[in-house]
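Student: Next comes the structure file data_7.cif, holding mmCIF, C-alpha atoms and all ligand atoms.
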```cif
data_start
loop_
_atom_site.label_atom_id
_atom_site.label_comp_id
_atom_site.auth_asym_id
_atom_site.auth_seq_id
_atom_site.Cartn_x
_atom_site.Cartn_y
_atom_site.Cartn_z
CA MET A 21 -13.40 11.69 9.15
CA ALA A 22 -14.24 11.30 12.84
CA THR A 23 -11.88 12.36 15.60
CA PRO A 24 -11.36 10.11 18.64
CA LEU A 25 -13.19 12.70 20.79
CA GLU A 26 -16.18 12.64 18.44
CA VAL A 27 -16.27 8.85 18.66
CA GLU A 28 -16.42 9.07 22.45
CA ALA A 29 -19.18 11.71 22.24
CA PHE A 30 -21.05 9.51 19.71
CA LEU A 31 -20.94 6.51 22.05
CA PHE A 32 -21.45 8.21 25.40
CA ASP A 33 -23.04 11.66 24.94
CA GLY A 34 -25.54 11.36 22.10
CA TYR A 35 -23.38 13.17 19.52
CA VAL A 36 -24.71 12.57 16.00
CA PHE A 37 -22.51 12.43 12.87
CA GLU A 38 -24.01 14.19 9.85
CA ARG A 39 -23.03 11.25 7.63
CA PRO A 40 -21.32 7.85 8.00
CA SER A 41 -17.88 8.66 9.40
CA ILE A 42 -14.66 6.74 9.92
CA LEU A 43 -11.82 6.88 12.40
CA LEU A 44 -8.45 5.63 11.16
CA THR A 45 -6.57 3.34 13.56
CA PHE A 46 -2.94 2.17 13.45
CA ASP A 47 -1.78 -0.77 15.58
CA ASP A 48 1.56 -1.92 17.00
CA GLY A 49 3.61 1.32 17.21
CA LEU A 50 5.43 0.96 13.89
CA ILE A 51 7.81 3.69 12.71
CA ASP A 52 6.13 3.78 9.28
CA HIS A 53 3.01 5.09 10.98
CA TYR A 54 5.02 8.01 12.31
CA LEU A 55 7.16 8.73 9.24
CA VAL A 56 4.60 8.15 6.50
CA ALA A 57 1.01 8.00 7.70
CA THR A 58 1.07 11.00 10.01
CA THR A 59 2.51 13.20 7.26
CA TYR A 60 -0.62 12.59 5.17
CA LEU A 61 -2.86 12.90 8.21
CA ALA A 62 -1.32 16.29 9.05
CA GLU A 63 -1.81 17.52 5.46
CA GLN A 64 -5.48 16.56 5.65
CA GLY A 65 -5.98 17.75 9.25
CA VAL A 66 -7.11 14.29 10.34
CA SER A 67 -6.78 12.91 13.90
CA ALA A 68 -6.28 9.17 14.15
CA ALA A 69 -5.71 6.57 16.87
CA PHE A 70 -2.44 4.71 17.46
CA PHE A 71 -2.31 1.56 19.61
CA ILE A 72 1.11 0.69 20.99
CA SER A 73 2.58 -2.64 22.07
CA THR A 74 5.33 -1.63 24.48
CA GLU A 75 7.79 -4.50 24.90
CA PRO A 76 9.97 -3.25 22.02
CA LEU A 77 10.31 0.12 23.81
CA ILE A 78 11.60 -1.50 27.00
CA LYS A 79 13.68 -4.37 25.71
CA ARG A 80 14.70 -3.02 22.31
CA SER A 81 13.36 -6.35 21.08
CA VAL A 82 11.07 -7.32 18.21
CA LEU A 83 7.58 -8.70 18.86
CA THR A 84 7.17 -12.31 17.79
CA VAL A 85 4.37 -11.29 15.43
CA HIS A 86 6.74 -8.87 13.65
CA LYS A 87 9.61 -11.36 13.47
CA ALA A 88 7.19 -13.59 11.61
CA GLN A 89 6.03 -10.75 9.33
CA TRP A 90 9.58 -9.60 8.59
CA LEU A 91 10.75 -13.12 7.77
CA ARG A 92 7.76 -13.66 5.49
CA ALA A 93 8.59 -10.44 3.66
CA ASN A 94 12.32 -11.12 3.34
CA ILE A 95 12.79 -14.89 2.90
CA ASP A 96 11.65 -17.11 0.07
CA PRO A 97 8.27 -18.44 1.35
CA GLU A 98 9.07 -22.09 0.71
CA LEU A 99 12.47 -21.88 2.40
CA LEU A 100 10.92 -20.12 5.38
CA ARG A 101 8.19 -22.73 5.74
CA LYS A 102 10.71 -25.59 5.45
CA THR A 103 13.03 -24.06 8.03
CA PHE A 104 10.16 -23.20 10.35
CA PHE A 105 8.55 -26.63 10.25
CA SER A 106 11.88 -28.45 10.69
CA LEU A 107 12.62 -26.38 13.81
CA ALA A 108 9.03 -26.61 15.09
CA GLU A 109 8.53 -30.30 14.33
CA ASN A 110 8.82 -31.58 17.87
CA SER A 111 6.62 -28.84 19.33
CA ILE A 112 3.53 -29.16 17.12
CA PRO A 113 0.88 -31.00 19.15
CA ASP A 114 -0.41 -34.16 17.47
CA ASN A 115 -4.10 -33.49 18.02
CA LYS A 116 -6.17 -35.92 15.98
CA PHE A 117 -9.42 -34.19 16.92
CA THR A 118 -8.56 -30.72 15.75
CA ASN A 119 -7.78 -29.78 12.21
CA TYR A 120 -5.65 -26.68 12.63
CA ARG A 121 -5.53 -26.19 8.87
CA ASN A 122 -9.28 -25.52 8.68
CA GLU A 123 -9.11 -23.20 11.65
CA ALA A 124 -6.12 -21.44 10.11
CA ASP A 125 -7.92 -20.90 6.78
CA ALA A 126 -10.93 -19.45 8.59
CA HIS A 127 -8.78 -17.14 10.69
CA TYR A 128 -6.44 -15.82 7.97
CA ARG A 129 -8.83 -15.20 5.12
CA PHE A 130 -6.35 -13.17 3.09
CA ASP A 131 -3.42 -15.65 3.19
CA ASN A 132 -2.78 -18.76 1.14
CA SER A 133 -3.39 -21.99 2.99
CA GLU A 134 0.26 -22.81 3.74
CA ASP A 135 1.04 -19.38 5.14
CA ALA A 136 -2.21 -19.35 7.09
CA TYR A 137 -1.26 -22.67 8.72
CA MET A 138 2.20 -21.42 9.69
CA LYS A 139 0.79 -18.14 11.06
CA TYR A 140 -1.89 -19.98 13.01
CA LEU A 141 0.67 -22.29 14.65
CA ILE A 142 2.85 -19.26 15.43
CA ASN A 143 0.14 -17.06 16.94
CA PHE A 144 -2.26 -19.55 18.50
CA ILE A 145 -0.97 -23.10 18.92
CA LEU A 146 2.73 -23.26 19.76
CA PRO A 147 3.87 -21.89 23.14
CA SER A 148 4.97 -18.29 22.64
CA ASP A 149 8.52 -18.83 23.97
CA VAL A 150 9.00 -21.80 21.61
CA VAL A 151 7.87 -19.71 18.64
CA ASP A 152 10.05 -16.80 19.61
CA ASN A 153 13.13 -19.05 19.90
CA ILE A 154 12.49 -20.56 16.48
CA LEU A 155 11.91 -17.22 14.75
CA THR A 156 14.93 -15.65 16.47
CA LYS A 157 17.13 -18.49 15.17
CA ILE A 158 15.86 -17.99 11.61
CA LEU A 159 16.24 -14.21 11.96
CA LEU A 160 19.89 -14.49 13.06
CA GLY A 161 20.52 -16.71 10.03
CA THR A 162 19.57 -13.81 7.76
CA GLY A 163 22.36 -11.66 9.22
CA ILE A 164 20.18 -9.01 10.91
CA THR A 165 20.18 -8.68 14.71
CA GLU A 166 17.08 -8.17 16.80
CA GLY A 167 18.38 -4.76 17.92
CA GLU A 168 18.86 -3.62 14.32
CA LEU A 169 15.39 -4.79 13.38
CA ASN A 170 13.94 -3.02 16.44
CA ARG A 171 15.44 0.26 15.23
CA GLU A 172 14.09 -0.36 11.74
CA LEU A 173 10.55 -1.15 12.87
CA TYR A 174 9.38 0.80 15.91
CA MET A 175 8.61 4.30 17.11
CA HIS A 176 10.43 5.64 20.16
CA GLU A 177 8.86 7.26 23.21
CA GLU A 178 9.56 10.79 21.84
CA GLN A 179 7.73 10.00 18.61
CA ILE A 180 4.76 8.59 20.50
CA LEU A 181 4.69 11.75 22.62
CA ASP A 182 4.85 13.83 19.44
CA LEU A 183 1.77 12.02 18.04
CA HIS A 184 -0.04 12.65 21.32
CA LYS A 185 0.87 16.35 21.14
CA GLN A 186 -0.38 16.51 17.53
CA GLY A 187 -3.82 15.51 18.82
CA HIS A 188 -3.82 11.82 17.90
CA LEU A 189 -5.10 9.28 20.38
CA ILE A 190 -2.51 6.93 21.90
CA GLY A 191 -4.04 3.68 23.11
CA ALA A 192 -3.03 0.35 24.64
CA HIS A 193 -2.35 -2.77 22.56
CA SER A 194 -0.86 -5.08 25.28
CA HIS A 195 2.82 -5.27 26.20
CA ARG A 196 3.82 -8.42 24.31
CA HIS A 197 1.09 -8.71 21.65
CA ILE A 198 0.14 -12.23 22.70
CA PRO A 199 -3.54 -13.12 22.07
CA LEU A 200 -5.24 -12.17 25.34
CA HIS A 201 -7.12 -15.46 25.68
CA ARG A 202 -3.71 -17.16 25.96
CA ILE A 203 -2.53 -15.05 28.89
CA GLU A 204 -5.75 -14.78 30.88
CA ASP A 205 -3.82 -15.58 34.12
CA ASP A 206 -1.20 -12.98 33.37
CA PHE A 207 -3.33 -9.98 32.32
CA VAL A 208 -2.18 -7.88 35.22
CA SER A 209 1.50 -7.89 34.40
CA ASP A 210 1.07 -7.61 30.63
CA ILE A 211 -1.70 -5.01 30.44
CA GLY A 212 -0.44 -3.22 33.57
CA THR A 213 3.03 -2.83 32.03
CA ASN A 214 1.53 -1.66 28.75
CA ILE A 215 -0.48 1.02 30.57
CA ASP A 216 2.54 2.09 32.66
CA VAL A 217 4.91 2.46 29.70
CA ILE A 218 2.37 4.42 27.64
CA SER A 219 1.50 6.62 30.64
CA ARG A 220 5.18 7.45 31.14
CA ALA A 221 5.59 8.31 27.46
CA ILE A 222 2.57 10.63 27.10
CA GLY A 223 1.91 11.70 30.70
CA THR A 224 -1.63 10.34 30.83
CA LYS A 225 -3.25 6.90 31.09
CA PRO A 226 -4.52 5.33 27.84
CA ARG A 227 -8.34 5.19 27.81
CA TRP A 228 -8.73 3.00 24.72
CA ILE A 229 -7.36 -0.44 23.92
CA ALA A 230 -7.15 -2.31 20.62
CA TYR A 231 -7.08 -6.00 21.57
CA PRO A 232 -3.99 -7.66 20.03
CA HIS A 233 -5.07 -9.85 17.07
CA GLY A 234 -8.63 -8.80 17.94
CA THR A 235 -10.61 -11.67 16.46
CA THR A 236 -13.56 -13.16 18.33
CA GLU A 237 -11.46 -16.01 19.78
CA THR A 238 -8.63 -13.74 20.93
CA ILE A 239 -10.42 -10.90 22.76
CA PRO A 240 -11.03 -11.22 26.53
CA LYS A 241 -14.00 -13.47 27.33
CA ALA A 242 -15.68 -10.66 29.30
CA PRO A 243 -14.54 -7.48 27.50
CA ARG A 244 -16.67 -5.16 29.63
CA THR A 245 -15.24 -6.48 32.92
CA PHE A 246 -11.76 -6.43 31.40
CA CYS A 247 -12.03 -2.80 30.28
CA GLN A 248 -13.56 -1.63 33.55
CA LYS A 249 -10.77 -3.32 35.52
CA TYR A 250 -8.05 -1.48 33.56
CA GLY A 251 -9.87 1.81 33.12
CA PHE A 252 -10.52 1.55 29.38
CA ALA A 253 -13.60 3.35 28.05
CA ILE A 254 -13.34 1.76 24.61
CA GLY A 255 -12.07 -1.61 23.35
CA LEU A 256 -11.54 -2.25 19.65
CA THR A 257 -11.72 -5.71 18.09
CA MET A 258 -10.94 -6.85 14.55
CA GLU A 259 -14.48 -8.12 14.15
CA PRO A 260 -15.52 -6.44 10.89
CA GLY A 261 -18.39 -4.01 10.50
CA TRP A 262 -19.80 -0.52 11.08
CA ASN A 263 -20.57 0.67 14.60
CA SER A 264 -23.70 2.47 15.74
CA SER A 265 -24.27 4.66 18.78
CA ASP A 266 -25.60 1.66 20.72
CA SER A 267 -22.67 -0.63 19.81
CA PRO A 268 -21.02 -2.01 22.96
CA PRO A 269 -18.04 0.34 23.53
CA TYR A 270 -15.90 -2.54 24.86
CA ARG A 271 -16.33 -4.49 21.67
CA MET A 272 -16.17 -2.04 18.79
CA LEU A 273 -15.95 -3.36 15.23
CA ARG A 274 -13.18 -2.41 12.80
CA ILE A 275 -12.85 -2.78 9.06
CA GLU A 276 -9.40 -3.79 7.85
CA GLN A 277 -8.00 -2.42 4.61
CA ASN A 278 -8.62 -5.64 2.66
CA ASP A 279 -12.32 -5.41 3.46
CA ILE A 280 -12.90 -1.69 2.88
CA ASN A 281 -14.59 -1.97 -0.50
CA SER A 282 -17.29 -4.39 0.56
CA PHE A 283 -18.16 -2.45 3.71
CA VAL A 284 -18.18 0.96 2.03
CA ASP A 285 -20.45 -0.44 -0.71
CA GLN A 286 -22.73 -1.93 1.92
CA GLN A 287 -23.03 1.31 3.88
CA PHE A 288 -23.73 3.54 0.92
CA THR A 289 -26.10 1.31 -1.02
CA THR A 290 -28.41 0.39 1.87
ZN ZN A 301 -1.33 -5.65 16.54
#
```
What is this file in structure tokens?
Tutor:
Amino acid sequence: MATPLEVEAFLFDGYVFERPSILLTFDDGLIDHYLVATTYLAEQGVSAAFFISTEPLIKRSVLTVHKAQWLRANIDPELLRKTFFSLAENSIPDNKFTNYRNEADAHYRFDNSEDAYMKYLINFILPSDVVDNILTKILLGTGITEGELNRELYMHEEQILDLHKQGHLIGAHSHRHIPLHRIEDDFVSDIGTNIDVISRAIGTKPRWIAYPHGTTETIPKAPRTFCQKYGFAIGLTMEPGWNSSDSPPYRMLRIEQNDINSFVDQQFTT
């Protein structure tokens, strides 16, 4: 297991790992990461990296992406889709030249086609305030308030500070978790706020960022310029694969849990 410091040394100072090594990363600032994952990490003496989206810390709100996830986990899928599409009907652009379903299937490889389509509209097509209004309406209908769900889902500043003190890396993940290519004009306020809130919590500026969503379409168009502007040494995507010492540090690859087997096989059989 690599530590975040070893990864920096590997990329910038010629440090060599004795064998293929992995760094575990946890995105979004979820309380499960603090209560469950770090217990195992501590038992094993492993340092990991945690990337925090900060709006829930400031507003005691729930990120749109997590409203969608929570609803998908707690409502009958067909009922959710029906409710969602009836509320979204008037907002879905009628674009005869783009088949969002194909794009959705390509983007969400691990979801069934219907869920992929709904997730794609939510995260990439519909305006983010429209989506948030729709999901908030559905959420209220289930009887849970946004404040209650916030307390159920997210770490607090003290817990983030505790992770930092335990030697884990705390990194940026944007303030609102909107795909960065959709807010290109508004980077400064979103990323700037994210950096400020994290800096206040841990007393030092984050030097790594995990781009929210992280796929090729959603990372900044010029990741190097982006990182240099905000003082990030390392930017993590969700583009899958192993990194080498000459991988571009602003566009590091990551392997998500669903893909682990194929990539581990690949690394150890070649
Ligand atoms: Zn995320």
Student: Mind checking which residues fall within 9 Å of Tyr128 (chain A), counting only C-alpha atoms, ignoring those fewer than 5 positions away in the same chain, and posting them as a list of chain:residue names?
Tutor: A:Glu123, A:Ser133, A:Asp135, A:Ala136, A:Tyr137, A:Lys139, A:Tyr140
Student: Which residues come within 12 Å of Asn94 (chain A), counting only C-alpha atoms, excluding same-chain residues fewer than 4 positions away, as a ChimeraX atom specification?
Tutor: /A:86-90,98-100,158-159,161-164
Student: I'd like the contact shell of Asn278 (chain A) - 12 Å cut-off, all atoms listed in the file, skipping same-chain residues fewer than 5 positions apart - returned as an MDAnalysis selection string.
Tutor: chainID A and resid 128:131 260 283:284
Student: Could the residues in this selection be written to a file with C-alpha atoms, as a PDB file, in the coordinates of the input?
Tutor:
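Output (part-v2.pdb):
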```
ATOM      1  CA  TYR A 128      -6.440 -15.820   7.970  1.00  0.00           C
ATOM      2  CA  ARG A 129      -8.830 -15.200   5.120  1.00  0.00           C
ATOM      3  CA  PHE A 130      -6.350 -13.170   3.090  1.00  0.00           C
ATOM      4  CA  ASP A 131      -3.420 -15.650   3.190  1.00  0.00           C
ATOM      5  CA  PRO A 260     -15.520  -6.440  10.890  1.00  0.00           C
ATOM      6  CA  PHE A 283     -18.160  -2.450   3.710  1.00  0.00           C
ATOM      7  CA  VAL A 284     -18.180   0.960   2.030  1.00  0.00           C
TER       8      VAL A 284
END
```
Student: Could you give me, as a VMD selection string, the residues within 12 Å of Ala62 (chain A), counting all atoms listed in the file and dropping anything in the same chain fewer than 6 positions from it?
Tutor: chain A and resid 54 to 56 68 183 186 to 188
Student: Please produce a file of those selected residues containing C-alpha atoms, as a PDB file, in the coordinates of the input.
Tutor:
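Dumped to result_1.pdb:
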```
ATOM      1  CA  TYR A  54       5.020   8.010  12.310  1.00  0.00           C
ATOM      2  CA  LEU A  55       7.160   8.730   9.240  1.00  0.00           C
ATOM      3  CA  VAL A  56       4.600   8.150   6.500  1.00  0.00           C
ATOM      4  CA  ALA A  68      -6.280   9.170  14.150  1.00  0.00           C
ATOM      5  CA  LEU A 183       1.770  12.020  18.040  1.00  0.00           C
ATOM      6  CA  GLN A 186      -0.380  16.510  17.530  1.00  0.00           C
ATOM      7  CA  GLY A 187      -3.820  15.510  18.820  1.00  0.00           C
ATOM      8  CA  HIS A 188      -3.820  11.820  17.900  1.00  0.00           C
TER       9      HIS A 188
END
```
Student: Neighbours of Ser267 (chain A) within 12 Å (all atoms listed in the file; same-chain residues fewer than 4 positions away dropped), as a list of chain:residue names?
Tutor: A:Val27, A:Glu28, A:Phe30, A:Leu31, A:Phe32, A:Ile254, A:Gly255, A:Leu256, A:Gly261, A:Trp262, A:Asn263, A:Arg271, A:Met272, A:Leu273, A:Arg274
Student: Choose the residue, out of A:Phe46, A:Phe37, A:Tyr120, A:Phe252, that has the smallest atom-to-atom separation from Ile145 (chain A); count all atoms listed in the file.
Tutor: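 Of all the options, A:Tyr120 lies closest to Ile145 (chain A).
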Student: Taking only C-alpha atoms and all ligand atoms into account, which residues are within 6 Å of ligand ZN 301 (chain A), as a list in words?
Tutor: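 So the residues close to ligand ZN 301 (chain A) are Asp47, Asp48, Pro232 and His233 of chain A.
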Student: Report, in Å with one decimal, the straight-line distance from CA of Leu141 (chain A) to CA of Leu77 (chain A).
Tutor: 26.1 Å
Student: Could you state the separation of CA of Asn143 (chain A) and CA of Asn281 (chain A) in Å, given to one decimal place?
Tutor: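 Separation between CA of Asn143 (chain A) and CA of Asn281 (chain A): 27.4 Å.
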Student: Which one of A:Ala221, A:Ala108, A:Val85, A:Ile142 sits closest to Asp182 (chain A) if you count only C-alpha atoms?
Tutor: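 The answer is A:Ala221, which sits nearest to Asp182 (chain A).
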Student: One number please: CA of Glu259 (chain A) to CA of Thr45 (chain A), in Å, one decimal.
Tutor: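 Computed distance, CA of Glu259 (chain A) to CA of Thr45 (chain A), equals 13.9 Å.
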Student: From (2.9, -29.8, 11.2), in the file's coordinates, out to 12 Å: which residues are reached, counting only C-alpha atoms? Answer as a count of residues only.
Tutor: 27
